[in-house]
Protein chains: 4
Amino acid sequence: MLIVMRADATDEQIERACAAVRDAGLAPHPIPGKSRVAIGITGNTGPVDPGMFSGLPGVVEVIRVTRPFKLTNREMKPDDTIVRVGNVEVGGPEIVVIAGPCSVETRDQTIHAAQSARRLGAHVLRGGAFKPRTSPYAFQGLGPEALRILDEAREATGLPVVSEVVSTDDVPLMERHVDVLQIGARNMQNYALLKRVGASRKPVLLKRGMSATLEEFLLAAEYVITHGNRNVILCERGIRAFSDYSRFTLDISIVPELKRITHLPVIVDPSHAAGKRDLVIPLARAAIAAGADGVMVEIHDDPKRALSDAAQALTVPMFAEMMEELKIIVPAVRRGRTVTA
Amino acid sequence: MLIVMRADATDEQIERACAAVRDAGLAPHPIPGKSRVAIGITGNTGPVDPGMFSGLPGVVEVIRVTRPFKLTNREMKPDDTIVRVGNVEVGGPEIVVIAGPCSVETRDQTIHAAQSARRLGAHVLRGGAFKPRTSPYAFQGLGPEALRILDEAREATGLPVVSEVVSTDDVPLMERHVDVLQIGARNMQNYALLKRVGASRKPVLLKRGMSATLEEFLLAAEYVITHGNRNVILCERGIRAFSDYSRFTLDISIVPELKRITHLPVIVDPSHAAGKRDLVIPLARAAIAAGADGVMVEIHDDPKRALSDAAQALTVPMFAEMMEELKIIVPAVRRGRTVTA
Amino acid sequence: MLIVMRADATDEQIERACAAVRDAGLAPHPIPGKSRVAIGITGNTGPVDPGMFSGLPGVVEVIRVTRPFKLTNREMKPDDTIVRVGNVEVGGPEIVVIAGPCSVETRDQTIHAAQSARRLGAHVLRGGAFKPRTSPYAFQGLGPEALRILDEAREATGLPVVSEVVSTDDVPLMERHVDVLQIGARNMQNYALLKRVGASRKPVLLKRGMSATLEEFLLAAEYVITHGNRNVILCERGIRAFSDYSRFTLDISIVPELKRITHLPVIVDPSHAAGKRDLVIPLARAAIAAGADGVMVEIHDDPKRALSDAAQALTVPMFAEMMEELKIIVPAVRRGRTVTA
Amino acid sequence: MLIVMRADATDEQIERACAAVRDAGLAPHPIPGKSRVAIGITGNTGPVDPGMFSGLPGVVEVIRVTRPFKLTNREMKPDDTIVRVGNVEVGGPEIVVIAGPCSVETRDQTIHAAQSARRLGAHVLRGGAFKPRTSPYAFQGLGPEALRILDEAREATGLPVVSEVVSTDDVPLMERHVDVLQIGARNMQNYALLKRVGASRKPVLLKRGMSATLEEFLLAAEYVITHGNRNVILCERGIRAFSDYSRFTLDISIVPELKRITHLPVIVDPSHAAGKRDLVIPLARAAIAAGADGVMVEIHDDPKRALSDAAQALTVPMFAEMMEELKIIVPAVRRGRTVTA
């Protein structure tokens with residue numbers, strides 16, 4: 001940490017700041033500059049609250065130097081983490097495609113979507129059983145019945161299943177039925193839920209909160225890991241900015257930045273970012289081109305009958321087209337990846 | 001809802017869109033315009049998903065007309081909701097000041113802060129027992145011990161207590177100790193928690209999520225109300241924008257807009273918005289001037305020793321100054337409000 | 001500046017970074033920490049581009065310490081700058097109210113608005129002659145004819161006039177007719193225009209760009225000042241965030257932060273921030289309560305006939321109400337200010 | 001346009017709103033709904049200000065239906081506009097790569113960069129002569145001397161040249177030296193400059209403002225076109241959001257949306273969006289994968305000696321790598337495009 005003093009700070013103020021550093025069990029290192037003094041701080045073993053020093057007389061600002069995330073940091077673990085989901089490796093040499101309906105609505109719709117997904121090369125099936133909906137008046141998911149349908153879809157296709165968990169109480173039930181526990185964007189800082197899935201043996205797909213910084217995103221992953229579960233997949237799904245044409249703003253740049261900074265696998269959900277199907281395929285292509293380890297898309301046999309997020313589901317022919325295009329792009333990212341297993 | 005057709009949409013496409021509306025059990029009303037046709041939709045008793053129509057051939061966009069929030073809407077209930085907290089009325093003629101430490105750290109610190117708050121005219125005591133912290137390595141609150149200390153502070157001062165609940169499991173415990181259940185910004189869309197506090201008899205102080213729109217904020221309140229609890233206090237605490245000088249951006253405009261649109265009481269938390277104490281008093285003044293029903297501020301006898309959010313806590317003399325200034329402003333808002341009971 | 005090295009940086013990498021600092025004519029100061037080394041830099045007389053060092057092997061990031069703005073910095077000039085506009089002092093003990101129509105549309109409308117403004121206590125008349133409109137199809141202002149009407153309004157009321165200049169070519173003409181040259185939000189980083197008004201003897205009212213950081217805002221002021229014109233009034237008018245209910249998001253917090261950091265006067269334009277008249281009065285009250293040196297509002301005798309920004313103009317009775325309320329608030333800000341001269 | 005009335009609006013209020021519509025020379029069409037009445041408006045030949053109706057008694061909101069942009073709208077001109085720059089076609093079947101230094105600093109640096117660009121397959125040379133810098137203390141470009149160096153570089157390589165124009169006064173000089181006039185992000189709403197380049201015969205590369213909506217971006221292009229110049233190339237370069245790791249947030253989704261909505265060519269500048277070179281190649285790949293007509297990147301033989309934006313310039317070997325990777329991606333976008341001419 002670095003304390004920046006005012007240009008006109010007195011020697012006494014500087015000494016007082018140094019004393020405050022020592023009081024906190026740390027070591028102050030004054031660095032005299034042309035126009036002002038800064039004080040470097042060493043000796044901290046954990047994070048130090050900048051607020052301890054920012055209010056002292058003569059202090060302009062306090063700058064944090066060490067990054068607060070540790071277990072997710074590639075500096076600490078340089079090699080990629082590979083998360084196994086059934087026979088699928090997320091974060092390994094191949095890209096991974098997760099596809100399925102937004103919500104499980106009926107047995108037929110789900111089995112059909114799963115079979116289409118399987119046939120066209122998807123690796124994992126998605127499908128919402130418990131839906132976190134902005135409005136209490138919107139369809140909230142079929143719940144336990146959806147989980148039984150997902151079991152059947154897994155059996156019919158061999159695809160492992162990812163589904164969102166919205167409550168700590170639901171975790172044991174979800175663990176019996178799904179292969180990956182998804183934490184939605186709205187729950188990225190629901191720490192009770194993060195701690196609970198941290199105690200699970202199932203991998204966790206953690207979606208970025210819609211206003212989470214990169215640091216907050218990694219600290220949310222760190223909650224899961226510090227509670228015992230190292231199998232975390234990060235998922236960018238769009239941030240809230242001022243767009244007048246898409247639901248959210250896909251922050252494509254975070255993909256290469258995360259790949260550089262953390263060893264965890266990174267996937268992208270273009271469906272929720274866009275909110276309309278016309279944009280999903282171009283964004284899926286962009287995600288893979290930017291270096292993502294995979295994409296998660298919504299598909300529906302008959303999107304206009306979908307009970308949730310109808311506008312953004314790909315039709316089956318569109319999904320087929322996307323898969324073809326991703327295959328072409330993968331070699332550009334130079335990791336020997338291929339779309340088909 | 002209104003379906004806007006392309007300028008070059010064919011008669012067949014228009015008829016097809018009308019048919020889709022009829023299929024959904026609704027009534028289409030084509031409105032021919034100079035350059036294009038729009039189709040008004042009537043007959044909906046609940047919310048209709050715009051996505052049902054946005055993907056049809058010839059459709060440019062689908063515009064929602066009716067607002068999705070109902071129970072919070074002042075159109076439905078024109079008179080102000082007053083939430084009673086002990087002897088205090090939030091949303092009534094007087095403004096309400098909630099003050100106390102960010103976290104309950106020790107018995108002495110809390111009792112002293114409560115006594116200062118009481119003496120200077122605060123109406124409600126705040127104090128965190130369970131803290132939702134961005135980093136798993138940061139101080140997470142004293143938990144049950146903090147609740148016992150808050151009981152003691154209530155007894156010593158007579159002030160009712162508000163404290164944040166971060167998990168459905170903690171609700172019964174919290175209900176026994178606190179007078180108002182606070183839902184933090186990070187949990188504004190934790191629907192499991194909203195439903196659970198909706199089933200409580202204790203009033204709920206609902207903080208706005210840091211990227212929540214006005215509509216999402218009111219729909220979160222609607223979750224609480226539809227589950228049975230009408231005593232909801234809304235709290236603006238800053239949104240995430242691009243500020244290079246404050247932690248969040250206090251969205252002061254939402255105060256008068258909420259007062260216009262909803263009958264629920266609206267308060268402001270300037271401490272978390274600012275992230276540094278220099279800004280807290282001006283923002284508290286601005287909040288009351290904008291029409292807020294109250295403010296919630298952090299105070300600390302010795303801020304530089306605080307374990308969380310040290311930089312933003314007011315000292316006791318600063319709190320006294322703030323109270324004096326708020327008293328001057330209240331009459332400008334013309335509701336016969338006064339700061340002191 | 002501070003160079004933060006990777007935890008695993010080699011001694012050679014650290015030495016190479018130090019050498020790069022010396023090559024740039026600066027002095028490196030390595031600070032060994034528990035987990036990594038940081039290198040303090042001193043000796044810079046002007047701003048140094050962090051990019052010179054951020055790409056070196058072993059470097060994690062480069063942190064700038066000294067603030068880049070100088071002439072606007074209160075550290076350099078502690079006492080408030082007072083900008084004289086006719087007999088009015090902006091930034092002095094009294095708050096200043098600027099009022100008038102968005103655009104000058106007709107002689108009658110402008111003279112009436114000016115007389116109402118004067119009668120109710122406004123200090124300066126505003127009125128657009130050249131309008132920067134988002135759409136090329138929207139009303140662009142009356143131009144030179146508007147300036148003649150403004151002259152007449154000044155004569156009729158004695159109020160000095162502020163009007164926006166949108167082009168370097170128009171500056172000489174504007175200088176002959178108006179008392180303050182306004183730079184609009186869309187031109188805050190139009191450096192050719194900033195330099196040109198920097199060479200003028202007329203005071204400049206500089207509006208914050210809708211996505212400008214505090215630092216960028218002050219650097220824009222610095223452009224004007226370095227070109228010779230120290231009479232700059234800063235104006236917050238709302239930033240672009242994700243609001244679903246107002247045109248822009250008034251960043252009220254920047255008012256006290258600017259007052260703390262710079263010696264220049266700071267006013268607020270609530271009309272453009274809100275985009276609808278219901279919010280203007282509460283936001284004007286909030287602005288003064290937060291410590292602004294004044295407000296600038298749009299008024300119109302018959303708002304629904306206005307050719308631009310009709311929705312946000314105050315009626316004359318609303319303006320009268322606002323003036324009454326501001327008078328009550330001023331003493332809370334404790335500077336002996338009053339609304340009336 | 002659509003006027004939405006309150007649920008409890010009286011018949012008289014509805015009639016009054018209809019009368020206001022008729023007064024404006026338009027035709028009102030009341031649409032009775034279950035809970036409220038909406039009034040469709042037809043007959044408008046140009047844009048109508050919603051503010052004319054939004055303040056009427058009983059009105060909840062006024063919704064605009066027709067899009068305000070016309071000449072850029074693909075509905076009006078379905079086939080792609082191809083902008084010719086020398087022998088290069090922007091917006092045609094091949095993607096276009098624009099490369100060169102951020103600023104022209106010396107003759108040697110510029111000629112070397114141009115030759116590297118040419119050799120590796122770039123189609124257009126970029127290079128700043130007049131630099132719009134946030135700080136008045138930063139390097140502002142070599143000006144006319146830079147233009148002579150660019151002439152020489154064009155002669156040496158045959159590459160056409162794009163360079164930014166920052167002032168209306170500079171347009172005639174720039175027109176004599178460069179092949180494309182660039183309007184920077186900070187000047188996207190500098191309407192005097194847009195009108196001036198609209199009167200030029202040189203194509204215009206228009207960068208999106210950092211907080212411009214899609215609609216505002218197209219309306220800026222519309223300014224250029226309505227003043228006579230149809231050769232406009234749109235360029236996404238990152239928006240301002242809350243990123244803690246990149247300078248701006250590249251809004252990749254706008255690429256396919258613009259391609260769908262407008263006939264103008266769309267390119268992407270990943271260098272300014274990222275602000276650091278590690279991200280430039282992944283973002284360039286993402287841009288092409290998303291459907292952009294080209295990319296514009298900064299290259300420098302010795303980036304750490306660059307006088308501006310040093311951190312984001314690609315080295316020549318990195319640029320070579322990028323070109324190879326883009327070639328692989330192009331076929332995925334299925335337009336028979338290739339990187340090399």
# chains A, B, ... in the order shown; residues from 1 in each chain; ligands from 1
call {"tool": "residues_around", "arguments": {"residues": "A:Val171", "least_positions_apart": "3", "cutoff": "9 Å", "atoms": "only C-alpha atoms", "output": "list in words"}}
result
Val165, Val166, Ser167, Thr168, Met174, Glu175, Arg176, Leu181, Leu193, Arg196, Val197 and Ser200 of chain A
call {"tool": "interface_residues", "arguments": {"of": "chain D", "to": "chain B", "cutoff": "10 Å", "atoms": "only C-alpha atoms", "output": "PyMOL selection string"}}
result
chain D and resi 1-8+27+29+31-45+60-66+75-76+240-244
call {"tool": "write_last_selection", "arguments": {"atoms": "N, CA, C and O atoms", "output": "short mmCIF file (atom, residue, chain, number, x, y, z; two decimals), in the first residue's frame"}}
result
data_model
loop_
_atom_site.label_atom_id
_atom_site.label_comp_id
_atom_site.auth_asym_id
_atom_site.auth_seq_id
_atom_site.Cartn_x
_atom_site.Cartn_y
_atom_site.Cartn_z
N MET D 1 -45.51 7.96 -32.55
CA MET D 1 -45.40 8.26 -31.13
C MET D 1 -46.64 7.75 -30.41
O MET D 1 -47.72 7.62 -31.00
N LEU D 2 -46.49 7.43 -29.13
CA LEU D 2 -47.58 6.86 -28.36
C LEU D 2 -47.63 7.58 -27.02
O LEU D 2 -46.63 7.67 -26.31
N ILE D 3 -48.81 8.11 -26.67
CA ILE D 3 -48.99 8.76 -25.38
C ILE D 3 -49.68 7.76 -24.46
O ILE D 3 -50.75 7.26 -24.79
N VAL D 4 -49.05 7.46 -23.33
CA VAL D 4 -49.65 6.53 -22.38
C VAL D 4 -50.32 7.33 -21.27
O VAL D 4 -49.66 8.15 -20.61
N MET D 5 -51.61 7.13 -21.07
CA MET D 5 -52.34 7.88 -20.04
C MET D 5 -52.32 7.12 -18.72
O MET D 5 -52.14 5.90 -18.68
N ARG D 6 -52.52 7.83 -17.63
CA ARG D 6 -52.62 7.20 -16.31
C ARG D 6 -53.84 6.28 -16.26
O ARG D 6 -54.81 6.48 -16.99
N ALA D 7 -53.78 5.29 -15.37
CA ALA D 7 -54.91 4.36 -15.23
C ALA D 7 -56.18 5.14 -14.84
O ALA D 7 -57.29 4.80 -15.23
N ASP D 8 -55.99 6.22 -14.06
CA ASP D 8 -57.16 6.97 -13.59
C ASP D 8 -57.36 8.28 -14.36
O ASP D 8 -58.01 9.20 -13.86
N ALA D 27 -52.40 13.52 -36.00
CA ALA D 27 -53.67 12.83 -35.78
C ALA D 27 -53.60 11.89 -34.58
O ALA D 27 -52.75 11.01 -34.54
N HIS D 29 -54.95 8.80 -32.14
CA HIS D 29 -55.73 7.56 -32.25
C HIS D 29 -55.82 6.90 -30.87
O HIS D 29 -54.96 6.10 -30.52
N ILE D 31 -56.40 4.34 -28.03
CA ILE D 31 -56.50 2.87 -27.98
C ILE D 31 -56.89 2.50 -26.56
O ILE D 31 -56.06 2.50 -25.66
N PRO D 32 -58.17 2.14 -26.34
CA PRO D 32 -58.58 1.80 -24.98
C PRO D 32 -58.00 0.46 -24.58
O PRO D 32 -58.03 -0.49 -25.36
N GLY D 33 -57.40 0.37 -23.38
CA GLY D 33 -56.84 -0.89 -22.88
C GLY D 33 -57.59 -1.32 -21.64
O GLY D 33 -58.52 -0.64 -21.20
N LYS D 34 -57.17 -2.43 -21.08
CA LYS D 34 -57.84 -2.95 -19.90
C LYS D 34 -57.71 -1.97 -18.74
O LYS D 34 -58.69 -1.65 -18.06
N SER D 35 -56.49 -1.49 -18.52
CA SER D 35 -56.29 -0.66 -17.34
C SER D 35 -56.10 0.82 -17.67
O SER D 35 -56.14 1.65 -16.79
N ARG D 36 -55.88 1.14 -18.93
CA ARG D 36 -55.62 2.53 -19.25
C ARG D 36 -55.77 2.75 -20.75
O ARG D 36 -55.79 1.82 -21.53
N VAL D 37 -55.78 4.01 -21.16
CA VAL D 37 -55.86 4.36 -22.57
C VAL D 37 -54.48 4.81 -23.05
O VAL D 37 -53.76 5.47 -22.32
N ALA D 38 -54.13 4.40 -24.27
CA ALA D 38 -52.94 4.96 -24.91
C ALA D 38 -53.41 5.68 -26.17
O ALA D 38 -54.47 5.35 -26.72
N ILE D 39 -52.65 6.69 -26.60
CA ILE D 39 -53.05 7.44 -27.79
C ILE D 39 -51.94 7.34 -28.83
O ILE D 39 -50.83 7.84 -28.62
N GLY D 40 -52.23 6.64 -29.93
CA GLY D 40 -51.27 6.58 -31.03
C GLY D 40 -51.29 7.90 -31.79
O GLY D 40 -52.32 8.56 -31.87
N ILE D 41 -50.13 8.30 -32.32
CA ILE D 41 -50.04 9.55 -33.09
C ILE D 41 -49.55 9.23 -34.49
O ILE D 41 -48.55 8.53 -34.66
N THR D 42 -50.24 9.73 -35.49
CA THR D 42 -49.76 9.56 -36.86
C THR D 42 -49.74 10.93 -37.54
O THR D 42 -50.24 11.91 -37.00
N GLY D 43 -49.15 10.95 -38.73
CA GLY D 43 -49.16 12.19 -39.50
C GLY D 43 -47.89 12.99 -39.38
O GLY D 43 -47.75 14.03 -40.02
N ASN D 44 -46.93 12.52 -38.55
CA ASN D 44 -45.72 13.31 -38.41
C ASN D 44 -44.79 13.06 -39.59
O ASN D 44 -44.51 11.93 -39.94
N THR D 45 -44.31 14.13 -40.17
CA THR D 45 -43.40 13.99 -41.30
C THR D 45 -41.96 14.09 -40.82
O THR D 45 -41.06 13.53 -41.40
N VAL D 60 -48.76 9.56 -18.43
CA VAL D 60 -47.70 8.85 -17.72
C VAL D 60 -46.38 8.98 -18.47
O VAL D 60 -45.37 9.37 -17.92
N GLU D 61 -46.40 8.62 -19.75
CA GLU D 61 -45.18 8.80 -20.53
C GLU D 61 -45.49 8.84 -22.01
O GLU D 61 -46.59 8.51 -22.45
N VAL D 62 -44.50 9.31 -22.77
CA VAL D 62 -44.65 9.44 -24.20
C VAL D 62 -43.55 8.60 -24.84
O VAL D 62 -42.38 8.76 -24.50
N ILE D 63 -43.94 7.67 -25.68
CA ILE D 63 -42.99 6.71 -26.26
C ILE D 63 -42.82 7.01 -27.74
O ILE D 63 -43.80 7.10 -28.48
N ARG D 64 -41.57 7.14 -28.16
CA ARG D 64 -41.30 7.41 -29.56
C ARG D 64 -41.26 6.10 -30.32
O ARG D 64 -40.64 5.14 -29.87
N VAL D 65 -41.88 6.03 -31.47
CA VAL D 65 -41.94 4.78 -32.22
C VAL D 65 -41.02 4.80 -33.43
O VAL D 65 -40.18 3.93 -33.60
N THR D 66 -41.14 5.81 -34.25
CA THR D 66 -40.29 5.89 -35.43
C THR D 66 -38.87 6.23 -35.02
O THR D 66 -38.66 7.07 -34.15
N GLU D 75 -33.28 0.25 -43.55
CA GLU D 75 -34.64 0.12 -44.08
C GLU D 75 -34.81 1.00 -45.34
O GLU D 75 -35.58 0.67 -46.23
N MET D 76 -34.08 2.13 -45.37
CA MET D 76 -34.21 3.05 -46.49
C MET D 76 -33.29 2.67 -47.65
O MET D 76 -33.55 2.98 -48.80
N ARG D 240 -17.33 4.16 -22.09
CA ARG D 240 -16.97 4.34 -20.69
C ARG D 240 -17.94 3.57 -19.81
O ARG D 240 -19.13 3.88 -19.77
N ALA D 241 -17.41 2.58 -19.11
CA ALA D 241 -18.22 1.89 -18.11
C ALA D 241 -17.38 1.87 -16.83
O ALA D 241 -16.67 2.85 -16.58
N PHE D 242 -17.44 0.81 -16.07
CA PHE D 242 -16.78 0.84 -14.75
C PHE D 242 -15.56 -0.07 -14.68
O PHE D 242 -15.16 -0.48 -13.59
N SER D 243 -14.95 -0.34 -15.82
CA SER D 243 -13.85 -1.30 -15.85
C SER D 243 -12.72 -0.94 -14.90
O SER D 243 -12.31 0.21 -14.82
N ASP D 244 -12.21 -1.96 -14.22
CA ASP D 244 -11.04 -1.76 -13.36
C ASP D 244 -9.78 -2.36 -13.98
O ASP D 244 -8.77 -2.49 -13.31
#
call {"tool": "closest_residue", "arguments": {"among": "D:Glu15, D:Leu194, D:Val255, D:Phe248", "to": "D:Gly58", "atoms": "only C-alpha atoms"}}
result
D:Glu15
call {"tool": "atom_distance", "arguments": {"atom1": "atom CA of B:Phe319", "atom2": "atom CA of C:Gly91"}}
result
26.6 Å
call {"tool": "select_by_dssp", "arguments": {"residues": "stretch 203-315 of chain B", "states": "strand (DSSP E or B)", "output": "NGL selection string"}}
result
:B and (204-207 or 232-236 or 239 or 249 or 251 or 262 or 266-268 or 294-299 or 314)
call {"tool": "closest_residue", "arguments": {"among": "D:Asn187, D:Thr134, D:Pro256, D:Thr262", "to": "C:Tyr223", "atoms": "only C-alpha atoms"}}
result
D:Thr134
call {"tool": "residues_around", "arguments": {"residues": "A:Leu56", "least_positions_apart": "5", "cutoff": "9 Å", "atoms": "only C-alpha atoms", "output": "JSON, numbers by chain"}}
result
{"A": [13, 16, 17, 20], "B": [304]}
call {"tool": "atom_distance", "arguments": {"atom1": "atom CA of C:Val330", "atom2": "atom CA of C:Val124"}}
result
18.4 Å
